[in-house]
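What's in coords_17.cif: mmCIF, C-alpha atoms
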```cif
data_coords
loop_
_atom_site.label_atom_id
_atom_site.label_comp_id
_atom_site.auth_asym_id
_atom_site.auth_seq_id
_atom_site.Cartn_x
_atom_site.Cartn_y
_atom_site.Cartn_z
CA MET A 1 -29.24 -2.59 -14.42
CA ILE A 2 -25.59 -1.95 -13.56
CA THR A 3 -26.11 1.76 -14.27
CA GLU A 4 -28.93 1.92 -11.73
CA ILE A 5 -26.86 0.05 -9.13
CA LEU A 6 -23.83 2.32 -9.44
CA GLN A 7 -25.98 5.47 -9.43
CA PHE A 8 -27.84 4.28 -6.31
CA ALA A 9 -24.57 3.50 -4.49
CA SER A 10 -23.07 6.87 -5.37
CA ALA A 11 -26.20 8.87 -4.47
CA ASN A 12 -26.61 7.11 -1.11
CA ASP A 13 -22.99 7.37 0.06
CA CYS A 14 -22.46 3.60 0.02
CA SER A 15 -18.99 2.17 0.59
CA ASP A 16 -19.38 -1.20 -1.15
CA ILE A 17 -21.51 -3.02 -3.70
CA HIS A 18 -22.09 -6.80 -3.75
CA LEU A 19 -23.25 -8.39 -7.00
CA VAL A 20 -23.97 -12.07 -6.42
CA ALA A 21 -25.70 -14.35 -8.95
CA GLY A 22 -29.06 -15.45 -7.60
CA SER A 23 -29.45 -12.43 -5.29
CA GLN A 24 -30.65 -8.86 -5.49
CA PRO A 25 -27.88 -6.23 -5.55
CA ILE A 26 -26.64 -5.42 -2.05
CA VAL A 27 -24.82 -2.30 -0.84
CA ARG A 28 -23.04 -1.42 2.39
CA ARG A 29 -24.20 1.92 3.77
CA ILE A 30 -22.95 3.30 7.12
CA GLY A 31 -21.50 -0.14 7.78
CA ASN A 32 -24.76 -2.06 7.23
CA LEU A 33 -25.80 -4.26 4.30
CA GLU A 34 -28.97 -3.23 2.44
CA LYS A 35 -30.70 -4.79 -0.56
CA ILE A 36 -31.49 -2.59 -3.55
CA GLN A 37 -35.04 -3.20 -4.73
CA LEU A 38 -34.05 -4.44 -8.18
CA PRO A 39 -34.52 -7.85 -9.84
CA ILE A 40 -32.42 -10.84 -8.84
CA ILE A 41 -29.13 -10.88 -10.76
CA GLU A 42 -28.58 -13.70 -13.26
CA ASP A 43 -25.22 -15.34 -13.98
CA LYS A 44 -25.17 -14.01 -17.54
CA GLU A 45 -25.62 -10.43 -16.31
CA ILE A 46 -22.59 -10.62 -14.04
CA LEU A 47 -20.52 -12.20 -16.79
CA SER A 48 -21.53 -9.39 -19.17
CA TRP A 49 -20.52 -6.79 -16.56
CA LEU A 50 -17.17 -8.50 -16.11
CA MET A 51 -16.59 -8.09 -19.86
CA GLU A 52 -16.95 -4.34 -19.29
CA PHE A 53 -14.93 -4.20 -16.05
CA LEU A 54 -11.97 -6.44 -16.93
CA SER A 55 -9.33 -6.57 -19.67
CA GLU A 56 -9.10 -9.57 -22.00
CA ASP A 57 -6.10 -10.91 -20.07
CA GLN A 58 -7.97 -10.58 -16.77
CA LEU A 59 -11.03 -12.32 -18.22
CA THR A 60 -8.84 -15.19 -19.42
CA ILE A 61 -7.40 -15.58 -15.91
CA TYR A 62 -10.89 -15.39 -14.36
CA TYR A 63 -12.19 -18.13 -16.67
CA THR A 64 -9.37 -20.41 -15.49
CA GLY A 65 -10.98 -20.29 -12.03
CA LYS A 66 -8.89 -17.60 -10.35
CA ASP A 67 -10.10 -14.46 -8.55
CA ILE A 68 -9.25 -11.07 -10.05
CA ASP A 69 -8.52 -7.73 -8.36
CA SER A 70 -8.96 -4.72 -10.59
CA ALA A 71 -10.16 -1.12 -10.81
CA TYR A 72 -12.94 0.35 -12.94
CA THR A 73 -13.88 3.89 -13.96
CA ASP A 74 -17.51 4.42 -14.96
CA TRP A 75 -18.98 6.72 -17.62
CA VAL A 76 -18.98 9.79 -15.34
CA GLY A 77 -15.48 9.25 -13.98
CA ASN A 78 -16.30 7.52 -10.67
CA ARG A 79 -13.70 4.91 -9.72
CA TYR A 80 -14.19 1.52 -8.08
CA ARG A 81 -11.92 -1.19 -6.74
CA LEU A 82 -13.36 -4.59 -7.53
CA ASN A 83 -12.80 -8.26 -6.89
CA ALA A 84 -14.31 -10.85 -9.25
CA TYR A 85 -14.79 -14.27 -7.63
CA ARG A 86 -17.12 -17.29 -7.51
CA SER A 87 -19.45 -18.67 -4.86
CA GLN A 88 -20.70 -22.23 -5.31
CA GLY A 89 -19.57 -22.00 -8.92
CA ARG A 90 -21.55 -18.84 -9.69
CA PRO A 91 -19.96 -15.47 -10.58
CA CYS A 92 -19.81 -12.63 -8.02
CA ILE A 93 -18.35 -9.13 -7.88
CA ALA A 94 -17.46 -7.07 -4.81
CA MET A 95 -16.93 -3.37 -5.53
CA ARG A 96 -15.50 -0.61 -3.31
CA LEU A 97 -16.41 2.98 -4.17
CA LEU A 98 -13.42 5.31 -4.35
CA LYS A 99 -13.42 9.08 -4.12
CA ASN A 100 -12.19 10.89 -7.23
CA ASP A 101 -10.75 13.78 -5.24
CA ILE A 102 -8.09 12.88 -2.69
CA PRO A 103 -9.23 14.33 0.65
CA THR A 104 -6.75 16.17 2.85
CA ILE A 105 -5.83 15.16 6.40
CA ASP A 106 -7.86 18.12 7.66
CA GLN A 107 -10.92 17.28 5.53
CA LEU A 108 -10.91 13.76 6.97
CA ALA A 109 -10.51 15.19 10.50
CA LEU A 110 -7.54 12.87 11.04
CA PRO A 111 -5.18 13.42 13.98
CA ALA A 112 -2.74 16.29 13.28
CA ILE A 113 0.22 14.04 14.14
CA LEU A 114 -0.28 12.35 10.75
CA LYS A 115 1.08 15.52 9.09
CA ASP A 116 4.26 15.18 11.15
CA LEU A 117 4.58 11.53 10.15
CA ALA A 118 4.17 12.43 6.47
CA ASP A 119 7.00 14.95 6.89
CA LEU A 120 9.47 12.35 8.21
CA PRO A 121 12.64 11.96 6.12
CA ARG A 122 12.80 8.17 6.51
CA GLY A 123 11.36 5.20 8.40
CA LEU A 124 8.37 2.85 8.30
CA VAL A 125 4.83 4.09 9.00
CA LEU A 126 2.00 1.53 9.16
CA VAL A 127 -1.74 2.14 8.90
CA THR A 128 -3.64 -0.88 10.18
CA GLY A 129 -7.22 -2.00 10.70
CA PRO A 130 -9.85 -4.41 9.42
CA THR A 131 -11.00 -4.51 5.79
CA GLY A 132 -13.10 -1.47 4.97
CA SER A 133 -11.71 0.70 7.76
CA GLY A 134 -10.43 3.45 5.44
CA LYS A 135 -6.72 2.60 5.52
CA SER A 136 -6.22 3.44 1.83
CA THR A 137 -7.95 6.81 2.21
CA THR A 138 -5.83 7.75 5.22
CA LEU A 139 -2.64 6.80 3.36
CA ALA A 140 -3.79 8.73 0.29
CA ALA A 141 -4.28 11.85 2.43
CA MET A 142 -0.76 11.47 3.83
CA ILE A 143 0.77 10.99 0.37
CA GLU A 144 -1.17 14.01 -0.92
CA HIS A 145 0.18 16.04 2.04
CA ILE A 146 3.70 15.29 0.78
CA ASN A 147 2.69 15.93 -2.84
CA ARG A 148 1.43 19.42 -1.99
CA ARG A 149 4.44 20.46 0.08
CA LYS A 150 7.66 18.72 -0.90
CA GLN A 151 9.78 17.97 -3.93
CA ARG A 152 9.96 14.22 -3.49
CA HIS A 153 9.88 11.19 -5.76
CA ILE A 154 6.89 9.14 -4.56
CA LEU A 155 6.56 5.57 -5.82
CA THR A 156 3.43 3.55 -5.10
CA LEU A 157 2.89 -0.20 -5.45
CA GLU A 158 -0.83 -1.00 -5.41
CA ASP A 159 -3.16 -3.91 -6.16
CA PRO A 160 -5.07 -2.32 -7.83
CA ILE A 161 -4.35 1.42 -8.07
CA GLU A 162 -7.09 3.15 -6.09
CA TYR A 163 -6.51 6.90 -5.86
CA ILE A 164 -4.89 8.54 -8.87
CA TYR A 165 -2.59 11.41 -7.85
CA THR A 166 -1.97 14.57 -9.85
CA PRO A 167 1.69 15.54 -9.36
CA LYS A 168 2.05 18.95 -7.71
CA MET A 169 5.42 19.50 -6.06
CA ALA A 170 6.28 15.79 -6.13
CA LEU A 171 7.13 13.36 -8.90
CA ILE A 172 4.69 10.45 -8.54
CA ASN A 173 4.90 7.03 -10.21
CA GLN A 174 2.08 4.57 -9.52
CA ARG A 175 2.70 0.90 -10.35
CA GLU A 176 -0.08 -1.66 -10.39
CA ILE A 177 0.56 -5.26 -9.39
CA HIS A 178 0.05 -7.76 -12.25
CA LYS A 179 0.01 -4.89 -14.76
CA ASP A 180 3.22 -2.90 -14.24
CA VAL A 181 5.03 -5.39 -11.99
CA THR A 182 4.48 -9.04 -11.06
CA ASP A 183 4.08 -8.66 -7.28
CA PHE A 184 4.83 -6.42 -4.29
CA ALA A 185 8.21 -8.02 -3.60
CA ALA A 186 9.39 -7.59 -7.20
CA GLY A 187 8.15 -4.00 -7.17
CA LEU A 188 10.04 -3.26 -3.96
CA ARG A 189 13.24 -4.78 -5.30
CA SER A 190 12.96 -2.55 -8.37
CA ALA A 191 11.97 0.47 -6.29
CA LEU A 192 15.32 0.50 -4.53
CA ARG A 193 16.92 1.16 -7.94
CA GLU A 194 14.43 3.84 -9.01
CA ASP A 195 15.60 6.67 -6.73
CA PRO A 196 12.40 7.12 -4.67
CA ASP A 197 12.19 9.24 -1.52
CA VAL A 198 8.79 7.85 -0.49
CA ILE A 199 7.45 4.34 -1.15
CA LEU A 200 3.84 3.32 -0.63
CA VAL A 201 3.33 -0.46 -0.43
CA GLY A 202 -0.40 -1.18 -0.70
CA GLU A 203 -0.21 -4.15 1.65
CA MET A 204 2.53 -6.14 3.39
CA ARG A 205 1.19 -9.61 2.61
CA ASP A 206 4.13 -11.96 3.07
CA PHE A 207 7.58 -12.47 4.54
CA GLU A 208 9.48 -11.23 1.48
CA THR A 209 7.44 -8.02 1.12
CA ILE A 210 7.73 -7.24 4.84
CA SER A 211 11.48 -7.91 4.78
CA LEU A 212 12.03 -5.69 1.73
CA ALA A 213 9.87 -2.88 3.18
CA ILE A 214 11.99 -2.88 6.36
CA THR A 215 15.17 -2.87 4.25
CA ALA A 216 13.86 0.09 2.22
CA ALA A 217 13.18 2.01 5.44
CA GLU A 218 16.65 1.11 6.74
CA THR A 219 18.29 2.44 3.59
CA GLY A 220 16.88 5.95 4.01
CA HIS A 221 13.41 5.81 2.43
CA LEU A 222 10.09 6.80 3.97
CA VAL A 223 7.88 3.71 3.59
CA PHE A 224 4.13 3.59 4.12
CA SER A 225 2.13 0.37 4.17
CA THR A 226 -0.88 -1.43 5.66
CA LEU A 227 -1.64 -4.57 7.64
CA HIS A 228 -4.98 -6.12 8.52
CA THR A 229 -4.34 -5.94 12.26
CA ILE A 230 -5.93 -4.00 15.10
CA GLY A 231 -3.64 -2.26 17.59
CA ALA A 232 0.09 -1.64 17.66
CA PRO A 233 1.01 -4.71 19.77
CA ASN A 234 -0.83 -7.05 17.40
CA THR A 235 0.80 -5.36 14.41
CA ILE A 236 4.33 -5.71 15.78
CA ASP A 237 3.68 -9.33 16.81
CA ARG A 238 2.34 -10.09 13.31
CA ILE A 239 5.49 -8.73 11.66
CA ILE A 240 7.85 -10.56 14.01
CA ASP A 241 5.93 -13.84 13.72
CA THR A 242 6.31 -13.70 9.93
CA PHE A 243 10.04 -14.34 10.31
CA PRO A 244 11.70 -17.66 11.19
CA THR A 245 12.42 -18.11 14.90
CA ASN A 246 16.17 -17.72 14.45
CA GLN A 247 15.67 -14.27 12.81
CA GLN A 248 13.13 -12.83 15.23
CA SER A 249 15.67 -11.27 17.58
CA GLN A 250 17.29 -9.48 14.64
CA ILE A 251 13.95 -8.24 13.27
CA ARG A 252 12.96 -6.86 16.68
CA THR A 253 16.15 -4.82 16.68
CA GLN A 254 15.49 -3.61 13.13
CA LEU A 255 11.88 -2.68 13.92
CA ALA A 256 12.95 -0.74 17.01
CA THR A 257 15.10 1.37 14.68
CA VAL A 258 13.00 1.82 11.51
CA LEU A 259 9.38 1.68 12.70
CA LYS A 260 8.19 5.24 13.34
CA ALA A 261 4.46 4.79 13.96
CA VAL A 262 1.52 2.41 13.90
CA ILE A 263 -1.85 4.05 13.22
CA SER A 264 -4.67 1.63 13.95
CA GLN A 265 -8.01 2.74 12.51
CA VAL A 266 -11.65 1.66 12.83
CA LEU A 267 -14.70 3.17 11.13
CA ILE A 268 -17.86 3.30 13.23
CA PRO A 269 -21.35 4.77 12.64
CA LYS A 270 -22.07 8.29 13.85
CA SER A 271 -24.72 8.65 16.52
CA ASP A 272 -27.10 10.35 14.07
CA LEU A 273 -26.41 7.63 11.43
CA SER A 274 -25.42 10.30 8.91
CA GLY A 275 -22.21 8.48 8.11
CA ARG A 276 -19.17 6.95 9.79
CA VAL A 277 -16.27 8.40 11.73
CA ALA A 278 -12.71 7.07 12.01
CA VAL A 279 -11.29 6.44 15.47
CA HIS A 280 -7.59 5.79 16.00
CA GLU A 281 -4.97 4.27 18.21
CA ILE A 282 -1.61 5.92 17.54
CA MET A 283 1.71 4.49 18.66
CA LEU A 284 4.84 6.54 18.04
CA MET A 285 8.27 5.00 18.34
CA ASN A 286 10.21 6.52 21.23
CA ASP A 287 12.96 5.12 23.46
CA ALA A 288 10.47 3.41 25.77
CA VAL A 289 8.62 1.64 22.94
CA ALA A 290 11.87 0.76 21.17
CA ASN A 291 13.19 -0.92 24.34
CA LEU A 292 9.97 -2.93 24.72
CA VAL A 293 10.25 -4.12 21.10
CA ARG A 294 13.92 -5.08 21.47
CA GLU A 295 13.27 -6.90 24.76
CA ASN A 296 10.19 -8.72 23.38
CA LYS A 297 7.84 -7.07 25.88
CA ILE A 298 5.30 -6.13 23.23
CA PHE A 299 2.38 -6.68 25.63
CA GLN A 300 3.51 -3.60 27.63
CA ILE A 301 3.24 -1.21 24.67
CA GLY A 302 -0.42 -0.41 25.45
CA THR A 303 0.59 1.10 28.78
CA THR A 304 3.29 3.20 27.11
CA ILE A 305 0.73 4.53 24.61
CA GLN A 306 -1.52 5.60 27.52
CA THR A 307 1.33 7.60 29.08
CA GLY A 308 2.54 9.11 25.78
CA GLN A 309 -0.32 11.49 25.03
CA ARG A 310 1.84 14.62 25.19
CA LEU A 311 3.93 13.14 22.34
CA GLY A 312 0.85 12.61 20.15
CA MET A 313 0.08 9.02 21.10
CA GLN A 314 -3.46 7.96 21.88
CA THR A 315 -5.31 4.78 22.78
CA LEU A 316 -8.34 3.65 20.83
CA GLU A 317 -10.37 3.94 24.03
CA GLY A 318 -9.17 7.51 24.60
CA ASP A 319 -10.32 8.50 21.12
CA LEU A 320 -13.65 6.72 21.66
CA VAL A 321 -14.21 8.71 24.88
CA ARG A 322 -13.47 11.95 23.04
CA ARG A 323 -16.02 11.05 20.34
CA ILE A 324 -18.62 10.04 22.94
CA ASN A 325 -18.19 13.31 24.84
CA ALA A 326 -18.57 15.22 21.56
CA ARG A 327 -21.79 13.22 20.93
CA GLN A 328 -20.40 11.96 17.63
CA ILE A 329 -20.88 8.30 18.58
CA THR A 330 -22.90 6.37 21.13
CA TYR A 331 -21.49 4.55 24.16
CA GLU A 332 -23.01 1.27 22.94
CA THR A 333 -21.26 1.53 19.57
CA ALA A 334 -17.97 2.42 21.22
CA LEU A 335 -18.23 -0.59 23.53
CA GLU A 336 -18.56 -2.89 20.49
CA VAL A 337 -15.26 -1.77 18.94
CA ALA A 338 -13.17 -1.08 22.05
CA SER A 339 -10.05 -3.24 22.34
CA ASN A 340 -10.22 -2.84 26.13
CA PRO A 341 -13.87 -2.36 27.21
CA GLU A 342 -12.90 -2.11 30.88
CA LEU A 343 -10.52 0.77 30.14
CA LEU A 344 -13.29 2.49 28.18
CA LYS A 345 -15.68 2.17 31.13
CA ARG A 346 -13.02 3.41 33.54
CA LEU A 347 -12.23 6.47 31.40
CA LEU A 348 -15.94 7.29 31.29
CA GLY A 349 -16.35 6.71 35.03
CA ARG A 350 -18.82 3.88 34.53
#
```
Would you mind giving the structure from this file in structure tokens?
Amino acid sequence: MITEILQFASANDCSDIHLVAGSQPIVRRIGNLEKIQLPIIEDKEILSWLMEFLSEDQLTIYYTGKDIDSAYTDWVGNRYRLNAYRSQGRPCIAMRLLKNDIPTIDQLALPAILKDLADLPRGLVLVTGPTGSGKSTTLAAMIEHINRRKQRHILTLEDPIEYIYTPKMALINQREIHKDVTDFAAGLRSALREDPDVILVGEMRDFETISLAITAAETGHLVFSTLHTIGAPNTIDRIIDTFPTNQQSQIRTQLATVLKAVISQVLIPKSDLSGRVAVHEIMLMNDAVANLVRENKIFQIGTTIQTGQRLGMQTLEGDLVRRINARQITYETALEVASNPELLKRLLGR
């Protein structure tokens, strides 16, 4: 049955697959969950699939009661990110479909400013958004932009490795957490001794990883990473709040220097339901934003983004209006995801 499930998901442009014991297979297509009309999955079936998906070491860890993150390549070369877990004691698998070919910034119709950010010599660039918003794909496109154009040493730390890069002009080393290195923090500590020009940190999960990523950016590296936040102000607040109170003034000063951009991304259904489109808020670090960060006036950053369009900044609402006017999305859908619904209405003259 797993063959049928994976073939259905691939043929129908699904983003995720949910395999839960006691339920029919479920996929996420254009953001919505749909049942596949196949028999209810039994516990033993999921356990047999896990034997195919996971290594012996991973299976041993799973049987001790822990969740497992991994990646799987099927018989035709399609790749998946997966998480094996339990619900009410029964086995479950969540799978994310990954594209084999790394799309370019242009193919994804991402804002052109992302090319400029990928060309930066140093600094910290963050791509943020909720789970399933395409952060990894956007970062992969930016890394591939560097790979195609510059002789750089690119080092990635991922859990698990999602997109596999083919070195072109760049030297690329991809390290997987729990397989090549114990955790993100250990990988970052080692990275500083491995002569990288560009470091991709799959996710900044804790104080130590965030601190080391900022240090790497300070010491002349271009660092890319993600956070599960929406909007630049929330992202900056999240980073600062990770640090003890007595260090927060110092970290604000460091961020004002090393942070180059926050790209906040949301995927929403197209108006014709043929797929989903990414909408973005983009904050670029300039003198005005840097002063607001240093002076702890983060709440004013939204206004600065609104007035920084000529520099390449954009609000989420501004991008939503552009998509509405191009008839790519509906007003009702935009209203659901807008951070500031009143601003959206005002921009549309409603």
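Distance-wise, CA of Gln300 (chain A) and CA of Asn234 (chain A) end up 11.6 Å apart.
Counting from CA of Leu157 (chain A), the distance to CA of Ser70 (chain A) is 13.7 Å.
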- Message: Using all atoms listed in the file, can you tell me which of A:Thr131, A:Asn286, A:Gln107, A:Ser23 comes closest to Ile93 (chain A)?
- Response: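 Ranking A:Thr131, A:Asn286, A:Gln107, A:Ser23 by distance to Ile93 (chain A), first place goes to A:Ser23.
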- Task: Return the single residue from A:Arg310, A:Arg175, A:Arg79, A:Lys150 that is closest to Glu162 (chain A), with distances computed using all atoms listed in the file.
- Result: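 Looking only at the distances to Glu162 (chain A), the closest residue turns out to be A:Arg79.
All protein and nucleic acid residues in the vicinity of (-35.2, -11.4, -10.2), that is within 10 Å when counting all atoms listed in the file, are Gly22, Ser23, Gln24, Gln37, Leu38, Pro39, Ile40, Ile41 and Glu42 of chain A.
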Contact residues around Ser271 (chain A) with all atoms listed in the file at 12 Å, ignoring same-chain residues under 6 positions, as a tab-separated table (two decimals) with C-alpha atoms, in the frame of the given file:
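Output below, filename out.tsv:
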```
chain	number	residue	atom	x	y	z
A	30	ILE	CA	-22.95	3.30	7.12
A	277	VAL	CA	-16.27	8.40	11.73
A	323	ARG	CA	-16.02	11.05	20.34
A	324	ILE	CA	-18.62	10.04	22.94
A	325	ASN	CA	-18.19	13.31	24.84
A	326	ALA	CA	-18.57	15.22	21.56
A	327	ARG	CA	-21.79	13.22	20.93
A	328	GLN	CA	-20.40	11.96	17.63
A	329	ILE	CA	-20.88	8.30	18.58
A	330	THR	CA	-22.90	6.37	21.13
A	331	TYR	CA	-21.49	4.55	24.16
A	332	GLU	CA	-23.01	1.27	22.94
A	333	THR	CA	-21.26	1.53	19.57
A	334	ALA	CA	-17.97	2.42	21.22
```
- Coordinates-based distance that separates CA of Arg193 (chain A) from CA of Thr128 (chain A) (Å, one decimal): 27.5 Å
Can you build me a table of region 74-164 of chain A residues sitting at most 7 Å from region 199-202 of chain A, with the closest atom pair per residue and its distance in Å to one decimal, using only C-alpha atoms, sorted by chain and residue number, as a tab-separated table?
```
residue	atom	partner	partner_atom	distance
A:Ile154	CA	A:Ile199	CA	5.9
A:Leu155	CA	A:Ile199	CA	4.9
A:Thr156	CA	A:Leu200	CA	4.5
A:Leu157	CA	A:Val201	CA	5.0
A:Glu158	CA	A:Gly202	CA	4.7
A:Asp159	CA	A:Gly202	CA	6.7
```
- Query: What do you get, as a list in words, if you spell out every residue that the PyMOL selection byres ((chain A and resi 5-13) around 10) selects here?
  - Reply: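 Applying the PyMOL selection byres ((chain A and resi 5-13) around 10) to the structure shown produces Met1, Ile2, Thr3, Glu4, Cys14, Ser15, Asp16, Ile17, His18, Leu19, Pro25, Ile26, Val27, Arg28, Arg29, Ile30, Ile36, Gln37, Leu38, Asp74, Asn78, Tyr80, Met95, Leu97, Leu98, Lys99, Ser274 and Gly275 of chain A.
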- Message: Please return as a VMD selection string every residue within 8 Å of (-4.0, 5.5, 6.2), taking into account all atoms listed in the file and the file's own coordinates.
- Response: chain A and resid 126 to 128 134 to 142 226 263 265
- Message: Ranking A:Asp116, A:Ile268, A:His280, A:Phe207 by minimum distance to Asp241 (chain A) and counting only C-alpha atoms, which one comes first?
- Response: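 That would be A:Phe207, the residue with the smallest distance to Asp241 (chain A).
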- Query: With distances taken over only C-alpha atoms, which of A:Tyr85, A:Phe243, A:Gly65, A:Leu320 is nearest to Lys270 (chain A)?
  - Reply: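 Of the candidates, the smallest distance to Lys270 (chain A) is held by A:Leu320.
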- Expanded to explicit residues, what is the PyMOL selection byres ((chain A and resi 232) around 8) for this file, as a ChimeraX atom specification? /A:230-231,233-236,262-264,281-283,301-302
Dump as an mmCIF file, in the frame of the given file, selection limited to C-alpha atoms:
```cif
data_model
loop_
_atom_site.group_PDB
_atom_site.id
_atom_site.type_symbol
_atom_site.label_atom_id
_atom_site.label_comp_id
_atom_site.auth_asym_id
_atom_site.auth_seq_id
_atom_site.Cartn_x
_atom_site.Cartn_y
_atom_site.Cartn_z
ATOM 1 C CA ILE A 230 -5.930 -4.000 15.100
ATOM 2 C CA GLY A 231 -3.640 -2.260 17.590
ATOM 3 C CA PRO A 233 1.010 -4.710 19.770
ATOM 4 C CA ASN A 234 -0.830 -7.050 17.400
ATOM 5 C CA THR A 235 0.800 -5.360 14.410
ATOM 6 C CA ILE A 236 4.330 -5.710 15.780
ATOM 7 C CA VAL A 262 1.520 2.410 13.900
ATOM 8 C CA ILE A 263 -1.850 4.050 13.220
ATOM 9 C CA SER A 264 -4.670 1.630 13.950
ATOM 10 C CA GLU A 281 -4.970 4.270 18.210
ATOM 11 C CA ILE A 282 -1.610 5.920 17.540
ATOM 12 C CA MET A 283 1.710 4.490 18.660
ATOM 13 C CA ILE A 301 3.240 -1.210 24.670
ATOM 14 C CA GLY A 302 -0.420 -0.410 25.450
#
```
- Message: Starting from the PyMOL selection byres ((chain A and resi 105) around 9), expand the selection into actual residues of this file and give them as a ChimeraX atom specification.
- Response: /A:103-104,106-112,114-115,138,141-142,144-145
Taking N, CA and C atoms as the atom set, what does region 221-236 of chain A look like once completed, written as a CSV table (one decimal), in the coordinates of the input?
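Contents of part-v9.csv, freshly written:
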```
chain,number,residue,atom,x,y,z
A,221,HIS,N,14.7,5.5,3.1
A,221,HIS,CA,13.4,5.8,2.4
A,221,HIS,C,12.3,5.9,3.5
A,222,LEU,N,11.3,6.7,3.2
A,222,LEU,CA,10.1,6.8,4.0
A,222,LEU,C,9.1,5.8,3.4
A,223,VAL,N,8.7,4.8,4.1
A,223,VAL,CA,7.9,3.7,3.6
A,223,VAL,C,6.6,3.7,4.3
A,224,PHE,N,5.5,3.7,3.6
A,224,PHE,CA,4.1,3.6,4.1
A,224,PHE,C,3.6,2.3,3.7
A,225,SER,N,2.8,1.6,4.6
A,225,SER,CA,2.1,0.4,4.2
A,225,SER,C,1.0,0.1,5.1
A,226,THR,N,0.3,-1.0,4.9
A,226,THR,CA,-0.9,-1.4,5.7
A,226,THR,C,-0.8,-2.9,6.1
A,227,LEU,N,-1.5,-3.2,7.2
A,227,LEU,CA,-1.6,-4.6,7.6
A,227,LEU,C,-3.1,-4.7,8.2
A,228,HIS,N,-3.6,-5.9,8.0
A,228,HIS,CA,-5.0,-6.1,8.5
A,228,HIS,C,-4.9,-6.6,10.0
A,229,THR,N,-4.4,-5.7,10.8
A,229,THR,CA,-4.3,-5.9,12.3
A,229,THR,C,-5.0,-4.8,13.0
A,230,ILE,N,-5.3,-5.0,14.3
A,230,ILE,CA,-5.9,-4.0,15.1
A,230,ILE,C,-5.0,-3.8,16.3
A,231,GLY,N,-4.5,-2.6,16.4
A,231,GLY,CA,-3.6,-2.3,17.6
A,231,GLY,C,-2.2,-2.5,17.3
A,232,ALA,N,-1.4,-1.6,17.9
A,232,ALA,CA,0.1,-1.6,17.7
A,232,ALA,C,0.7,-2.9,18.1
A,233,PRO,N,0.4,-3.4,19.3
A,233,PRO,CA,1.0,-4.7,19.8
A,233,PRO,C,0.7,-5.9,18.8
A,234,ASN,N,-0.5,-6.0,18.4
A,234,ASN,CA,-0.8,-7.0,17.4
A,234,ASN,C,-0.1,-6.9,16.1
A,235,THR,N,0.1,-5.6,15.7
A,235,THR,CA,0.8,-5.4,14.4
A,235,THR,C,2.3,-5.8,14.5
A,236,ILE,N,2.9,-5.4,15.6
A,236,ILE,CA,4.3,-5.7,15.8
A,236,ILE,C,4.5,-7.2,15.9
```
